[in-house]
>>> print(open('upload.cif').read())   # mmCIF, C-alpha atoms
data_work
loop_
_atom_site.group_PDB
_atom_site.id
_atom_site.type_symbol
_atom_site.label_atom_id
_atom_site.label_comp_id
_atom_site.auth_asym_id
_atom_site.auth_seq_id
_atom_site.Cartn_x
_atom_site.Cartn_y
_atom_site.Cartn_z
ATOM 1 C CA MET A 1 98.852 154.443 157.238
ATOM 2 C CA ALA A 2 96.895 156.868 155.106
ATOM 3 C CA SER A 3 94.461 157.541 157.958
ATOM 4 C CA VAL A 4 97.077 158.476 160.556
ATOM 5 C CA TRP A 5 95.859 162.103 160.524
ATOM 6 C CA GLN A 6 92.347 160.893 161.382
ATOM 7 C CA ASN A 7 93.412 158.272 163.920
ATOM 8 C CA ASN A 8 95.956 160.282 165.899
ATOM 9 C CA LYS A 9 94.407 162.718 168.403
ATOM 10 C CA GLN A 10 97.515 164.906 168.569
ATOM 11 C CA LEU A 11 97.578 165.348 164.789
ATOM 12 C CA ARG A 12 93.821 165.993 164.572
ATOM 13 C CA LYS A 13 94.121 168.652 167.260
ATOM 14 C CA TRP A 14 97.097 170.281 165.521
ATOM 15 C CA GLU A 15 95.353 170.339 162.143
ATOM 16 C CA GLY A 16 92.190 171.842 163.649
ATOM 17 C CA LYS A 17 94.180 174.486 165.501
ATOM 18 C CA HIS A 18 96.021 175.593 162.345
ATOM 19 C CA PHE A 19 93.201 175.098 159.844
ATOM 20 C CA LYS A 20 92.101 178.733 159.663
ATOM 21 C CA GLU A 21 95.586 180.125 159.022
ATOM 22 C CA ASN A 22 96.527 177.313 156.634
ATOM 23 C CA SER A 23 93.344 177.609 154.571
ATOM 24 C CA ASN A 24 93.954 181.296 153.926
ATOM 25 C CA GLY A 25 93.863 181.513 150.121
ATOM 26 C CA ASP A 26 95.602 184.882 149.996
ATOM 27 C CA PHE A 27 98.968 183.269 149.437
ATOM 28 C CA ASN A 28 101.323 186.125 148.590
ATOM 29 C CA TYR A 29 103.540 184.680 145.883
ATOM 30 C CA ASN A 30 105.402 187.134 143.683
ATOM 31 C CA LEU A 31 106.775 185.632 140.473
ATOM 32 C CA ALA A 32 109.457 188.313 140.451
ATOM 33 C CA TYR A 33 110.884 186.919 143.725
ATOM 34 C CA PRO A 34 110.477 183.119 143.612
ATOM 35 C CA LEU A 35 113.127 182.556 146.273
ATOM 36 C CA GLU A 36 110.881 184.344 148.786
ATOM 37 C CA ASP A 37 108.450 181.413 148.683
ATOM 38 C CA PRO A 38 107.768 180.671 152.402
ATOM 39 C CA LEU A 39 107.979 176.897 151.903
ATOM 40 C CA VAL A 40 111.328 177.119 150.082
ATOM 41 C CA ASN A 41 112.597 179.138 153.045
ATOM 42 C CA ALA A 42 111.151 176.696 155.591
ATOM 43 C CA ILE A 43 112.748 173.714 153.828
ATOM 44 C CA SER A 44 116.047 175.596 153.552
ATOM 45 C CA LYS A 45 116.083 176.125 157.304
ATOM 46 C CA TYR A 46 114.964 172.547 158.029
ATOM 47 C CA ILE A 47 117.632 170.764 155.940
ATOM 48 C CA ASN A 48 120.263 173.508 156.312
ATOM 49 C CA ILE A 49 120.743 173.989 152.562
ATOM 50 C CA ASP A 50 120.835 177.367 150.803
ATOM 51 C CA LYS A 51 117.407 178.204 149.339
ATOM 52 C CA GLU A 52 118.798 178.841 145.853
ATOM 53 C CA TYR A 53 119.288 175.064 145.505
ATOM 54 C CA ILE A 54 115.722 174.152 146.584
ATOM 55 C CA TYR A 55 112.649 173.829 144.352
ATOM 56 C CA VAL A 56 109.104 173.039 145.521
ATOM 57 C CA GLY A 57 106.679 171.051 143.380
ATOM 58 C CA ALA A 58 103.535 168.935 143.385
ATOM 59 C CA GLY A 59 105.222 165.834 144.715
ATOM 60 C CA ILE A 60 108.041 163.896 143.101
ATOM 61 C CA SER A 61 105.756 163.150 140.153
ATOM 62 C CA GLN A 62 105.942 166.755 138.945
ATOM 63 C CA PHE A 63 109.722 166.706 139.123
ATOM 64 C CA ILE A 64 109.895 163.432 137.192
ATOM 65 C CA ASN A 65 107.681 164.817 134.436
ATOM 66 C CA THR A 66 109.584 168.101 134.306
ATOM 67 C CA ILE A 67 113.206 166.985 134.617
ATOM 68 C CA VAL A 68 113.093 163.695 132.682
ATOM 69 C CA GLY A 69 111.252 165.417 129.821
ATOM 70 C CA LEU A 70 113.898 168.103 129.277
ATOM 71 C CA ASN A 71 115.436 168.312 125.796
ATOM 72 C CA ILE A 72 118.974 168.390 127.191
ATOM 73 C CA TRP A 73 119.050 164.609 127.741
ATOM 74 C CA GLU A 74 120.079 162.324 124.899
ATOM 75 C CA ARG A 75 119.404 159.122 126.816
ATOM 76 C CA ILE A 76 117.537 158.096 129.975
ATOM 77 C CA ILE A 77 119.198 155.275 131.937
ATOM 78 C CA LEU A 78 117.056 153.253 134.357
ATOM 79 C CA PRO A 79 117.403 150.154 136.525
ATOM 80 C CA ASP A 80 115.396 147.351 134.931
ATOM 81 C CA ILE A 81 113.041 147.548 137.939
ATOM 82 C CA GLU A 82 112.128 151.146 138.830
ATOM 83 C CA PHE A 83 109.127 153.363 139.588
ATOM 84 C CA ALA A 84 107.070 153.153 136.383
ATOM 85 C CA LEU A 85 106.607 156.921 135.946
ATOM 86 C CA TYR A 86 110.227 157.276 134.827
ATOM 87 C CA LYS A 87 109.648 154.894 131.929
ATOM 88 C CA ARG A 88 106.252 156.383 131.042
ATOM 89 C CA THR A 89 107.650 159.928 131.040
ATOM 90 C CA SER A 90 110.601 158.854 128.871
ATOM 91 C CA GLU A 91 108.225 157.193 126.409
ATOM 92 C CA LEU A 92 105.965 160.260 126.356
ATOM 93 C CA HIS A 93 108.908 162.473 125.405
ATOM 94 C CA GLU A 94 110.236 159.861 122.960
ATOM 95 C CA LYS A 95 113.523 159.499 124.824
ATOM 96 C CA GLU A 96 116.026 156.772 124.086
ATOM 97 C CA MET A 97 116.084 154.464 127.123
ATOM 98 C CA LEU A 98 118.690 152.075 128.433
ATOM 99 C CA PHE A 99 117.838 149.535 131.151
ATOM 100 C CA VAL A 100 120.525 148.206 133.493
ATOM 101 C CA LYS A 101 120.019 144.817 135.147
ATOM 102 C CA GLY A 102 120.629 144.205 138.839
ATOM 103 C CA ILE A 103 118.308 142.891 141.539
ATOM 104 C CA HIS A 104 120.906 143.917 144.117
ATOM 105 C CA LEU A 105 122.615 147.319 144.061
ATOM 106 C CA ASN A 106 126.108 145.821 143.809
ATOM 107 C CA ASP A 107 125.029 143.881 140.696
ATOM 108 C CA PHE A 108 123.442 147.014 139.226
ATOM 109 C CA ILE A 109 126.649 149.011 139.718
ATOM 110 C CA LYS A 110 128.823 146.260 138.166
ATOM 111 C CA ASN A 111 126.552 146.047 135.118
ATOM 112 C CA PHE A 112 126.305 149.829 134.805
ATOM 113 C CA GLN A 113 130.084 150.197 134.915
ATOM 114 C CA LYS A 114 130.361 148.239 131.650
ATOM 115 C CA ILE A 115 128.271 150.851 129.783
ATOM 116 C CA LYS A 116 129.835 153.789 127.948
ATOM 117 C CA THR A 117 128.117 157.037 128.954
ATOM 118 C CA ASN A 118 128.277 160.725 128.030
ATOM 119 C CA LYS A 119 127.509 164.046 129.699
ATOM 120 C CA ASN A 120 123.996 164.222 128.219
ATOM 121 C CA ASP A 121 122.876 160.941 129.806
ATOM 122 C CA LEU A 122 120.452 161.011 132.743
ATOM 123 C CA LEU A 123 120.479 158.160 135.278
ATOM 124 C CA CYS A 124 117.313 157.883 137.413
ATOM 125 C CA ILE A 125 117.380 155.613 140.458
ATOM 126 C CA SER A 126 115.406 155.536 143.693
ATOM 127 C CA SER A 127 117.278 155.213 146.994
ATOM 128 C CA PRO A 128 115.895 153.513 149.021
ATOM 129 C CA ARG A 129 114.845 151.625 145.905
ATOM 130 C CA TRP A 130 111.165 151.639 144.923
ATOM 131 C CA PHE A 131 111.520 147.920 144.271
ATOM 132 C CA ASN A 132 112.967 146.524 147.503
ATOM 133 C CA GLY A 133 113.948 149.375 149.847
ATOM 134 C CA GLU A 134 117.703 148.847 149.404
ATOM 135 C CA GLN A 135 119.611 152.123 149.840
ATOM 136 C CA LEU A 136 122.681 153.338 147.981
ATOM 137 C CA SER A 137 125.567 154.226 150.269
ATOM 138 C CA LYS A 138 127.540 157.422 149.818
ATOM 139 C CA ASN A 139 130.531 155.372 148.643
ATOM 140 C CA GLN A 140 128.374 153.651 146.008
ATOM 141 C CA ILE A 141 127.135 157.028 144.736
ATOM 142 C CA LEU A 142 130.711 158.324 144.544
ATOM 143 C CA GLU A 143 131.705 155.163 142.681
ATOM 144 C CA ILE A 144 128.904 155.718 140.152
ATOM 145 C CA LEU A 145 129.837 159.376 139.675
ATOM 146 C CA ASP A 146 133.429 158.347 139.054
ATOM 147 C CA PHE A 147 132.652 156.279 135.944
ATOM 148 C CA PHE A 148 129.306 157.820 134.917
ATOM 149 C CA LYS A 149 129.682 160.975 132.796
ATOM 150 C CA GLY A 150 126.125 162.268 132.959
ATOM 151 C CA THR A 151 123.651 163.587 135.553
ATOM 152 C CA LEU A 152 122.161 161.500 138.371
ATOM 153 C CA ILE A 153 118.614 161.763 139.726
ATOM 154 C CA LEU A 154 118.493 160.285 143.221
ATOM 155 C CA ASP A 155 114.828 159.706 144.091
ATOM 156 C CA GLU A 156 114.711 159.724 147.901
ATOM 157 C CA ALA A 157 110.962 159.304 148.379
ATOM 158 C CA TYR A 158 111.504 156.801 151.210
ATOM 159 C CA VAL A 159 114.696 158.214 152.704
ATOM 160 C CA ASP A 160 113.033 159.286 155.968
ATOM 161 C CA TYR A 161 112.738 155.622 156.975
ATOM 162 C CA SER A 162 116.467 155.008 156.591
ATOM 163 C CA ASN A 163 119.194 155.731 159.098
ATOM 164 C CA HIS A 164 121.057 157.913 156.597
ATOM 165 C CA GLU A 165 118.463 160.499 155.603
ATOM 166 C CA ASN A 166 120.904 163.423 155.413
ATOM 167 C CA GLU A 167 123.895 161.590 153.971
ATOM 168 C CA MET A 168 123.448 162.673 150.343
ATOM 169 C CA LEU A 169 122.616 166.354 150.798
ATOM 170 C CA ASP A 170 126.238 167.523 151.113
ATOM 171 C CA LEU A 171 127.193 165.378 148.134
ATOM 172 C CA CYS A 172 124.401 167.006 146.137
ATOM 173 C CA ILE A 173 125.669 170.491 146.938
ATOM 174 C CA ASP A 174 129.281 169.531 146.224
ATOM 175 C CA ASN A 175 128.461 168.051 142.807
ATOM 176 C CA ASP A 176 126.284 169.758 140.184
ATOM 177 C CA ARG A 177 125.653 166.430 138.441
ATOM 178 C CA VAL A 178 123.396 165.238 141.279
ATOM 179 C CA ILE A 179 119.668 166.002 141.618
ATOM 180 C CA ILE A 180 117.769 164.852 144.714
ATOM 181 C CA PHE A 181 113.984 164.395 144.810
ATOM 182 C CA ARG A 182 112.182 164.265 148.168
ATOM 183 C CA SER A 183 108.559 163.932 149.204
ATOM 184 C CA PHE A 184 106.447 164.983 152.177
ATOM 185 C CA SER A 185 103.967 162.196 151.369
ATOM 186 C CA LYS A 186 106.029 159.537 153.146
ATOM 187 C CA LYS A 187 107.734 161.768 155.695
ATOM 188 C CA PHE A 188 104.489 163.117 157.135
ATOM 189 C CA LEU A 189 102.058 160.437 155.880
ATOM 190 C CA ALA A 190 100.249 163.172 153.959
ATOM 191 C CA SER A 191 100.126 162.036 150.327
ATOM 192 C CA GLY A 192 96.944 164.003 149.596
ATOM 193 C CA HIS A 193 98.831 167.284 149.889
ATOM 194 C CA ARG A 194 100.917 166.457 146.771
ATOM 195 C CA THR A 195 104.027 168.329 147.881
ATOM 196 C CA GLY A 196 107.710 167.564 147.495
ATOM 197 C CA TYR A 197 110.988 169.302 146.833
ATOM 198 C CA MET A 198 114.102 169.024 144.702
ATOM 199 C CA VAL A 199 117.656 169.873 145.748
ATOM 200 C CA THR A 200 120.335 170.485 143.143
ATOM 201 C CA LYS A 201 123.214 172.783 142.327
ATOM 202 C CA LYS A 202 122.763 172.052 138.626
ATOM 203 C CA GLN A 203 121.893 175.149 136.606
ATOM 204 C CA ILE A 204 118.992 174.464 134.238
ATOM 205 C CA LYS A 205 117.648 177.409 132.246
ATOM 206 C CA ASN A 206 114.204 178.646 133.381
ATOM 207 C CA MET A 207 113.889 175.808 135.889
ATOM 208 C CA ARG A 208 112.460 177.948 138.674
ATOM 209 C CA ASN A 209 109.835 179.365 136.322
ATOM 210 C CA THR A 210 108.999 175.835 135.132
ATOM 211 C CA ILE A 211 108.267 174.585 138.664
ATOM 212 C CA ILE A 212 106.470 177.464 140.328
ATOM 213 C CA PRO A 213 104.242 177.127 143.400
ATOM 214 C CA PRO A 214 101.441 177.832 144.111
ATOM 215 C CA HIS A 215 100.500 177.011 140.504
ATOM 216 C CA SER A 216 101.673 173.460 141.153
ATOM 217 C CA VAL A 217 101.162 173.280 144.945
ATOM 218 C CA THR A 218 97.995 174.559 146.616
ATOM 219 C CA SER A 219 98.213 177.470 149.021
ATOM 220 C CA TYR A 220 96.781 175.210 151.756
ATOM 221 C CA SER A 221 99.555 172.646 151.286
ATOM 222 C CA GLU A 222 102.174 175.410 151.216
ATOM 223 C CA ASN A 223 100.905 176.871 154.495
ATOM 224 C CA PHE A 224 100.340 173.413 156.002
ATOM 225 C CA PHE A 225 103.958 172.299 155.579
ATOM 226 C CA VAL A 226 105.401 175.667 156.574
ATOM 227 C CA SER A 227 103.490 175.355 159.857
ATOM 228 C CA LEU A 228 104.541 171.737 160.258
ATOM 229 C CA LEU A 229 108.247 172.325 159.622
ATOM 230 C CA ASN A 230 108.257 175.098 162.222
ATOM 231 C CA ASP A 231 106.600 172.990 164.936
ATOM 232 C CA LYS A 232 109.262 171.013 166.831
ATOM 233 C CA LYS A 233 106.679 169.125 168.896
ATOM 234 C CA ILE A 234 104.903 167.738 165.809
ATOM 235 C CA LEU A 235 108.217 166.973 164.097
ATOM 236 C CA SER A 236 109.213 164.985 167.170
ATOM 237 C CA ALA A 237 105.910 163.069 167.034
ATOM 238 C CA PHE A 238 106.627 162.042 163.438
ATOM 239 C CA ASP A 239 110.150 160.983 164.408
ATOM 240 C CA GLU A 240 108.556 158.622 166.936
ATOM 241 C CA THR A 241 106.072 157.349 164.330
ATOM 242 C CA ARG A 242 108.839 156.595 161.841
ATOM 243 C CA SER A 243 110.888 154.852 164.536
ATOM 244 C CA TYR A 244 107.878 152.649 165.327
ATOM 245 C CA ILE A 245 107.452 151.788 161.638
ATOM 246 C CA LYS A 246 111.154 150.944 161.322
ATOM 247 C CA CYS A 247 110.930 148.609 164.327
ATOM 248 C CA ASN A 248 108.018 146.718 162.763
ATOM 249 C CA ARG A 249 109.793 146.629 159.395
ATOM 250 C CA ASP A 250 112.835 145.063 161.054
ATOM 251 C CA LEU A 251 110.594 142.612 162.893
ATOM 252 C CA LEU A 252 109.313 141.385 159.535
ATOM 253 C CA TYR A 253 112.790 141.204 158.024
ATOM 254 C CA ASN A 254 114.351 139.314 160.939
ATOM 255 C CA SER A 255 111.476 136.831 161.070
ATOM 256 C CA LEU A 256 111.349 136.084 157.331
ATOM 257 C CA GLN A 257 114.982 136.178 156.204
ATOM 258 C CA GLU A 258 115.644 132.560 157.193
ATOM 259 C CA ILE A 259 112.914 131.150 154.918
ATOM 260 C CA ASN A 260 114.720 129.486 152.018
ATOM 261 C CA GLU A 261 111.797 129.621 149.599
ATOM 262 C CA LEU A 262 111.845 133.430 149.340
ATOM 263 C CA GLU A 263 114.361 136.259 149.434
ATOM 264 C CA VAL A 264 113.976 139.256 151.713
ATOM 265 C CA ILE A 265 116.323 142.178 151.109
ATOM 266 C CA LYS A 266 117.153 144.467 154.026
ATOM 267 C CA SER A 267 114.939 147.517 153.505
ATOM 268 C CA ASP A 268 115.566 151.147 154.447
ATOM 269 C CA ALA A 269 112.048 152.158 153.380
ATOM 270 C CA ASN A 270 108.596 151.812 154.964
ATOM 271 C CA PHE A 271 107.998 148.467 153.274
ATOM 272 C CA ILE A 272 109.497 145.000 152.895
ATOM 273 C CA SER A 273 109.649 143.128 149.577
ATOM 274 C CA LEU A 274 109.521 139.341 149.243
ATOM 275 C CA ILE A 275 111.253 138.111 146.069
ATOM 276 C CA PHE A 276 110.439 134.719 144.554
ATOM 277 C CA GLU A 277 112.000 132.415 141.992
ATOM 278 C CA ASN A 278 108.723 130.509 141.885
ATOM 279 C CA GLU A 279 105.772 132.574 140.612
ATOM 280 C CA GLU A 280 103.323 129.918 141.816
ATOM 281 C CA LEU A 281 104.590 130.307 145.394
ATOM 282 C CA CYS A 282 104.417 134.109 145.035
ATOM 283 C CA ASN A 283 100.730 133.816 144.092
ATOM 284 C CA LYS A 284 100.102 131.388 146.959
ATOM 285 C CA ILE A 285 101.682 133.732 149.534
ATOM 286 C CA TYR A 286 99.804 136.693 148.085
ATOM 287 C CA GLU A 287 96.505 134.844 148.454
ATOM 288 C CA SER A 288 97.355 133.975 152.056
ATOM 289 C CA LEU A 289 97.779 137.697 152.792
ATOM 290 C CA SER A 290 94.466 138.667 151.194
ATOM 291 C CA GLY A 291 92.317 140.903 153.348
ATOM 292 C CA LEU A 292 95.310 142.689 154.860
ATOM 293 C CA ALA A 293 95.868 146.334 153.895
ATOM 294 C CA GLY A 294 99.033 147.394 152.101
ATOM 295 C CA ILE A 295 99.875 144.186 150.221
ATOM 296 C CA GLN A 296 100.879 144.483 146.537
ATOM 297 C CA LYS A 297 102.021 141.856 144.030
ATOM 298 C CA PHE A 298 104.253 142.560 141.016
ATOM 299 C CA ASN A 299 105.758 140.475 138.244
ATOM 300 C CA ASP A 300 108.319 142.939 136.894
ATOM 301 C CA ILE A 301 111.493 141.054 135.858
ATOM 302 C CA VAL A 302 111.006 138.905 139.004
ATOM 303 C CA PRO A 303 107.840 138.047 140.960
ATOM 304 C CA PHE A 304 107.717 139.991 144.228
ATOM 305 C CA ILE A 305 105.290 141.039 146.949
ATOM 306 C CA LYS A 306 105.542 144.460 148.559
ATOM 307 C CA ILE A 307 104.331 144.732 152.179
ATOM 308 C CA TRP A 308 103.732 148.242 153.492
ATOM 309 C CA ILE A 309 104.545 148.399 157.198
ATOM 310 C CA ASN A 310 101.810 149.051 159.725
ATOM 311 C CA ASN A 311 101.763 148.177 163.426
ATOM 312 C CA GLU A 312 103.210 145.270 165.431
ATOM 313 C CA ARG A 313 99.968 143.287 165.287
ATOM 314 C CA PHE A 314 100.004 143.582 161.485
ATOM 315 C CA SER A 315 103.637 142.428 161.233
ATOM 316 C CA LYS A 316 103.005 139.393 163.435
ATOM 317 C CA GLU A 317 99.926 138.444 161.407
ATOM 318 C CA VAL A 318 101.900 138.669 158.144
ATOM 319 C CA ILE A 319 104.634 136.471 159.617
ATOM 320 C CA ARG A 320 102.106 133.911 160.870
ATOM 321 C CA ARG A 321 100.297 133.631 157.524
ATOM 322 C CA ILE A 322 103.501 133.333 155.497
ATOM 323 C CA LYS A 323 105.008 130.655 157.738
ATOM 324 C CA GLU A 324 101.772 128.657 157.711
ATOM 325 C CA THR A 325 101.646 128.855 153.898
ATOM 326 C CA ILE A 326 105.280 127.818 153.427
#
>>> encode(input="upload.cif", output="structure tokens")
Amino acid sequence: MASVWQNNKQLRKWEGKHFKENSNGDFNYNLAYPLEDPLVNAISKYINIDKEYIYVGAGISQFINTIVGLNIWERIILPDIEFALYKRTSELHEKEMLFVKGIHLNDFIKNFQKIKTNKNDLLCISSPRWFNGEQLSKNQILEILDFFKGTLILDEAYVDYSNHENEMLDLCIDNDRVIIFRSFSKKFLASGHRTGYMVTKKQIKNMRNTIIPPHSVTSYSENFFVSLLNDKKILSAFDETRSYIKCNRDLLYNSLQEINELEVIKSDANFISLIFENEELCNKIYESLSGLAGIQKFNDIVPFIKIWINNERFSKEVIRRIKETI
């Protein structure tokens, strides 16, 4: 996955063609006019959202560190299984944390509804979830906002592999208690460029001066993604790539969901997670998949294995090894 830019002739040709213009270090960024940032404008045009609601940063990680660490929050609320940087950032800033149980989203929402909240609480949840790829529906978000009094961070790092990638943007603009994080790392398989963006109508004092490119994002990455977002042919090629990944993800899901010894949750991300009641079986399956790229094992509340989707041959080999082990 990480080598797609080296392995794909069309992408290599495009990168070589644009290298000279993209590597121009004379990036004209005027701190007096931050909304004239070319990448903010390119993203605004691409997602059809006013540029005043868009912020560019060095990947979602910068936004997590910046937003979660703000003094305005009294309490950080997290699912009991979530991307670890949220917890580490909360600990670093000595924030009070509350963890809500729920392997499935419906269980999480039921448990969360029992908790009394206030306007200075911050809920951080990935959708599709970092843990298993399960995605919150618009109705579920509206349900949460109905009983939750605080601000919601919706981390959409994997949203480009769902079938509802634009569903939450209007909701974000209609409600100033919603903050959306997005990444180009997954969308364009370009994690080394460390670039992402935030969309929110929420007014936070000095926010645009806190997250200012190119001090956080390199001029090459800025130019690179401006060129990419304006190239319909390359955008179409990535649409095809993501469709291929989704097909192989669904192949894995459909082939493994009938196995009683493990649980596979329908994923809207570029991975599938296998959840186990039996840690010994989890370890056994993990060992059977050794030597394959993109296999991770976790024991965070429940034992689970995360399988990052590759090609059809990879999916079939994963299925074969798991069924032979079971």
>>> atom_distance(input="upload.cif", atom1="CA of Lys186 (chain A)", atom2="CA of Ile301 (chain A)")
25.9 Å
>>> residues_around(input="upload.cif", residues="Arg129 (chain A)", least_positions_apart="6", cutoff="10 Å", atoms="all atoms listed in the file", output="list in words")
Pro79, Ile81, Glu82, Phe83, His104, Leu105, Gln135, Leu136, Leu154, Asp155, Glu156, Ala157, Tyr158, Val159, Ser267, Asp268 and Ala269 of chain A
>>> resolve_selection(input="upload.cif", expression="the PyMOL selection byres ((chain A and resi 52-61) around 10)", output="VMD selection string")
chain A and resid 34 to 35 37 39 to 41 43 to 44 49 to 51 62 to 66 85 to 86 89 155 to 157 172 to 173 179 to 185 191 to 203 207 to 208 210 to 218 221 to 222
>>> residues_around(input="upload.cif", residues="Ile272 (chain A)", least_positions_apart="5", cutoff="8 Å", atoms="only C-alpha atoms", output="list of chain:residue names")
A:Asn132, A:Gly133, A:Arg249, A:Leu252, A:Tyr253, A:Val264, A:Ile265, A:Lys266, A:Ser267, A:Lys306, A:Ile307, A:Trp308, A:Ile309
>>> write_last_selection(input="upload.cif", atoms="C-alpha atoms", output="PDB file, keeping the file's coordinate frame")
ATOM      1  CA  ASN A 132     112.967 146.524 147.503  1.00  0.00           C
ATOM      2  CA  GLY A 133     113.948 149.375 149.847  1.00  0.00           C
ATOM      3  CA  ARG A 249     109.793 146.629 159.395  1.00  0.00           C
ATOM      4  CA  LEU A 252     109.313 141.385 159.535  1.00  0.00           C
ATOM      5  CA  TYR A 253     112.790 141.204 158.024  1.00  0.00           C
ATOM      6  CA  VAL A 264     113.976 139.256 151.713  1.00  0.00           C
ATOM      7  CA  ILE A 265     116.323 142.178 151.109  1.00  0.00           C
ATOM      8  CA  LYS A 266     117.153 144.467 154.026  1.00  0.00           C
ATOM      9  CA  SER A 267     114.939 147.517 153.505  1.00  0.00           C
ATOM     10  CA  LYS A 306     105.542 144.460 148.559  1.00  0.00           C
ATOM     11  CA  ILE A 307     104.331 144.732 152.179  1.00  0.00           C
ATOM     12  CA  TRP A 308     103.732 148.242 153.492  1.00  0.00           C
ATOM     13  CA  ILE A 309     104.545 148.399 157.198  1.00  0.00           C
TER      14      ILE A 309
END
>>> resolve_selection(input="upload.cif", expression="the PyMOL selection byres ((chain A and resi 70) around 12)", output="number ranges by chain")
A: 63-69, 71-76, 89-90, 92-95, 120-122, 204-207, 210
>>> build_atoms(input="upload.cif", residues="region 11-26 of chain A", atoms="N, CA and C atoms", output="tab-separated table (two decimals), in the frame of the given file")
chain	number	residue	atom	x	y	z
A	11	LEU	N	97.55	164.78	166.13
A	11	LEU	CA	97.58	165.35	164.79
A	11	LEU	C	96.26	166.02	164.44
A	12	ARG	N	95.14	165.39	164.84
A	12	ARG	CA	93.82	165.99	164.57
A	12	ARG	C	93.70	167.34	165.27
A	13	LYS	N	94.18	167.41	166.49
A	13	LYS	CA	94.12	168.65	167.26
A	13	LYS	C	94.98	169.72	166.61
A	14	TRP	N	96.19	169.33	166.17
A	14	TRP	CA	97.10	170.28	165.52
A	14	TRP	C	96.49	170.81	164.23
A	15	GLU	N	95.93	169.92	163.41
A	15	GLU	CA	95.35	170.34	162.14
A	15	GLU	C	94.17	171.28	162.36
A	16	GLY	N	93.33	170.97	163.35
A	16	GLY	CA	92.19	171.84	163.65
A	16	GLY	C	92.63	173.21	164.13
A	17	LYS	N	93.67	173.22	164.95
A	17	LYS	CA	94.18	174.49	165.50
A	17	LYS	C	94.71	175.39	164.40
A	18	HIS	N	95.37	174.80	163.40
A	18	HIS	CA	96.02	175.59	162.34
A	18	HIS	C	95.18	175.72	161.07
A	19	PHE	N	93.97	175.15	161.09
A	19	PHE	CA	93.20	175.10	159.84
A	19	PHE	C	92.91	176.50	159.29
A	20	LYS	N	92.50	177.40	160.13
A	20	LYS	CA	92.10	178.73	159.66
A	20	LYS	C	93.26	179.46	158.99
A	21	GLU	N	94.43	179.43	159.61
A	21	GLU	CA	95.59	180.12	159.02
A	21	GLU	C	96.10	179.41	157.78
A	22	ASN	N	96.02	178.06	157.78
A	22	ASN	CA	96.53	177.31	156.63
A	22	ASN	C	95.60	177.39	155.42
A	23	SER	N	94.30	177.57	155.68
A	23	SER	CA	93.34	177.61	154.57
A	23	SER	C	93.18	179.00	154.00
A	24	ASN	N	93.97	179.95	154.47
A	24	ASN	CA	93.95	181.30	153.93
A	24	ASN	C	94.43	181.27	152.47
A	25	GLY	N	93.54	181.57	151.55
A	25	GLY	CA	93.86	181.51	150.12
A	25	GLY	C	94.65	182.69	149.60
A	26	ASP	N	94.87	183.69	150.44
A	26	ASP	CA	95.60	184.88	150.00
A	26	ASP	C	97.10	184.63	150.10
